[in-house]
Structure formats: C-alpha cells, structure tokens
Amino acid sequence: MLRRTLTAAAIAAVLAGSVGVAAPIRARGSPRNASPRSAARSPVPDRMDWEKIQTAAALRHMALAPHRTARFRAFAAQLGLRELVSIHPLAPGRCLTAVRDLYNNLLDLENAFPGENWGPLRRAVAREPSIRACAARRG
C-alpha cells in the first residue's frame, strides 16, 4: 500500500513539474524566433499539397451527396480533415480562403447526425470560392 502511494505521489510530482516546464518551452518557440525559411509562405501550394486539397474537396463532395448516411458524412469529413491538416501553411490570398472554407465545411460534416438537413450547406458550398484558386500557375 505504501509503495503504491509513493508511486502515485512520484507520478503526480512529475506531471506537476512538466506543466511548469511547458510554458517556457512554448515561449521559446515563438514566431519571432522562427527561421526565415519558415516565414516565407507561398500563396499557391506545391504539387503534393494541391493533391491533398483536391482529395479533401472530393471527400466533401461525396459527403454532401443526398443519399449518404450521417455516419458516412462524418467518416468522409474526418478523412478530409486529416488531408488538410497535413498541408504546409499558405500565404493569405484566394487559395487560403478556399482552403479555410473547405476546412470549415468538413468540420460541419464531421458532426453530422441522422435526419439533418444538408441543403443549406450545399448551397453555401456552391457560393464559396473554388479550390481551383489553389492550382499551380502555368508558365
């Protein structure tokens, strides 16, 4: 019994100490100290990121189909969100706006429940900027 109490106390002390250390670590990794290379963002994603954005948009399109179940919508949205989370940061512009809207749509779809009306989201997606703004420029 004493051994379990000591083990629990040691674990609690380590966890309490790690909470106090976490704040200075976050302060050290502030954007002011970031390398110049990480600060340079492109308004257009590279080929791999463009493919991930296209995949997420296709998953959103599939999830918004009228005949899909709530479980399918949520699963497709989770897959799309995983794709978008893995892309590199983009500079502000039309592409960033389109990707942000796509991300927000997928968040809405992730919380789908049976019997929900998806007509308003379908209409909103039709009015949003196209992800084609993210396509690489030819030239």
# chains A, B, ... in the order shown; residues from 1 in each chain; ligands from 1
$ residues_around --residues "Arg122 in chain A" --least-positions-apart "6" --cutoff "12 Å" --atoms "only C-alpha atoms" --output "list in words"
Arg60, His61, Met62, Ala63, Leu64, Ala65, Pro66, Asn105, Leu106, Asp108, Leu109 and Glu128 of chain A
$ write_last_selection --atoms "all heavy atoms" --output "short mmCIF file (atom, residue, chain, number, x, y, z; two decimals), in the first residue's frame"
data_model
loop_
_atom_site.label_atom_id
_atom_site.label_comp_id
_atom_site.auth_asym_id
_atom_site.auth_seq_id
_atom_site.Cartn_x
_atom_site.Cartn_y
_atom_site.Cartn_z
N ARG A 60 -15.46 16.03 -49.48
CA ARG A 60 -16.58 16.91 -49.14
C ARG A 60 -17.73 16.71 -50.12
O ARG A 60 -18.89 16.63 -49.74
CB ARG A 60 -16.14 18.37 -49.13
CG ARG A 60 -17.30 19.34 -48.91
CD ARG A 60 -16.90 20.78 -49.00
NE ARG A 60 -16.46 21.13 -50.33
CZ ARG A 60 -16.03 22.33 -50.68
NH1 ARG A 60 -15.94 23.29 -49.79
NH2 ARG A 60 -15.64 22.58 -51.91
N HIS A 61 -17.40 16.63 -51.41
CA HIS A 61 -18.42 16.43 -52.44
C HIS A 61 -19.16 15.11 -52.22
O HIS A 61 -20.40 15.05 -52.31
CB HIS A 61 -17.75 16.46 -53.82
CG HIS A 61 -18.71 16.29 -54.95
ND1 HIS A 61 -19.57 17.28 -55.34
CD2 HIS A 61 -18.95 15.23 -55.75
CE1 HIS A 61 -20.30 16.84 -56.34
NE2 HIS A 61 -19.94 15.60 -56.61
N MET A 62 -18.41 14.06 -51.92
CA MET A 62 -19.04 12.76 -51.66
C MET A 62 -19.92 12.81 -50.41
O MET A 62 -21.01 12.25 -50.37
CB MET A 62 -18.00 11.66 -51.49
CG MET A 62 -17.35 11.25 -52.78
SD MET A 62 -16.16 9.87 -52.69
CE MET A 62 -15.86 9.57 -51.01
N ALA A 63 -19.44 13.49 -49.38
CA ALA A 63 -20.19 13.55 -48.13
C ALA A 63 -21.48 14.35 -48.27
O ALA A 63 -22.45 14.08 -47.56
CB ALA A 63 -19.32 14.16 -47.03
N LEU A 64 -21.50 15.31 -49.17
CA LEU A 64 -22.70 16.14 -49.35
C LEU A 64 -23.72 15.52 -50.30
O LEU A 64 -24.78 16.10 -50.50
CB LEU A 64 -22.31 17.54 -49.84
CG LEU A 64 -21.76 18.47 -48.76
CD1 LEU A 64 -21.26 19.76 -49.38
CD2 LEU A 64 -22.81 18.75 -47.71
N ALA A 65 -23.42 14.37 -50.86
CA ALA A 65 -24.38 13.71 -51.75
C ALA A 65 -25.65 13.40 -50.95
O ALA A 65 -25.59 13.01 -49.78
CB ALA A 65 -23.78 12.43 -52.32
N PRO A 66 -26.83 13.57 -51.57
CA PRO A 66 -28.09 13.41 -50.84
C PRO A 66 -28.33 12.03 -50.23
O PRO A 66 -28.99 11.91 -49.21
CB PRO A 66 -29.16 13.72 -51.88
CG PRO A 66 -28.46 14.41 -52.98
CD PRO A 66 -27.03 14.01 -52.94
N ASN A 105 -16.24 23.53 -43.78
CA ASN A 105 -17.30 22.64 -44.25
C ASN A 105 -17.09 21.23 -43.73
O ASN A 105 -18.05 20.57 -43.31
CB ASN A 105 -17.33 22.60 -45.78
CG ASN A 105 -17.66 23.94 -46.42
OD1 ASN A 105 -17.25 24.20 -47.53
ND2 ASN A 105 -18.37 24.80 -45.71
N LEU A 106 -15.85 20.77 -43.76
CA LEU A 106 -15.56 19.42 -43.27
C LEU A 106 -15.80 19.31 -41.77
O LEU A 106 -16.24 18.27 -41.28
CB LEU A 106 -14.14 19.02 -43.64
CG LEU A 106 -13.91 18.77 -45.14
CD1 LEU A 106 -12.42 18.63 -45.44
CD2 LEU A 106 -14.67 17.56 -45.61
N ASP A 108 -18.13 20.94 -40.17
CA ASP A 108 -19.59 20.81 -40.06
C ASP A 108 -20.02 19.38 -40.37
O ASP A 108 -20.87 18.82 -39.67
CB ASP A 108 -20.29 21.76 -41.01
CG ASP A 108 -20.15 23.21 -40.60
OD1 ASP A 108 -19.86 23.47 -39.41
OD2 ASP A 108 -20.34 24.09 -41.46
N LEU A 109 -19.46 18.80 -41.40
CA LEU A 109 -19.84 17.45 -41.80
C LEU A 109 -19.38 16.40 -40.79
O LEU A 109 -20.01 15.36 -40.65
CB LEU A 109 -19.27 17.13 -43.18
CG LEU A 109 -19.97 17.82 -44.34
CD1 LEU A 109 -19.11 17.79 -45.58
CD2 LEU A 109 -21.31 17.18 -44.59
N GLU A 128 -19.18 29.43 -52.39
CA GLU A 128 -17.82 29.65 -51.88
C GLU A 128 -16.81 29.70 -53.01
O GLU A 128 -17.04 29.17 -54.09
CB GLU A 128 -17.45 28.54 -50.90
CG GLU A 128 -18.20 28.62 -49.60
CD GLU A 128 -17.90 27.45 -48.69
OE1 GLU A 128 -17.18 26.51 -49.09
OE2 GLU A 128 -18.41 27.45 -47.56
#
$ residues_around --residues "range 69-83 of chain A" --least-positions-apart "4" --cutoff "12 Å" --atoms "only C-alpha atoms" --output "VMD selection string"
chain A and resid 48 to 65 87 to 88 99 to 118
$ closest_residue --among "A:Ala135, A:Ala91, A:Ala126, A:Ala98" --to "Ser42 in chain A" --atoms "only C-alpha atoms"
A:Ala91
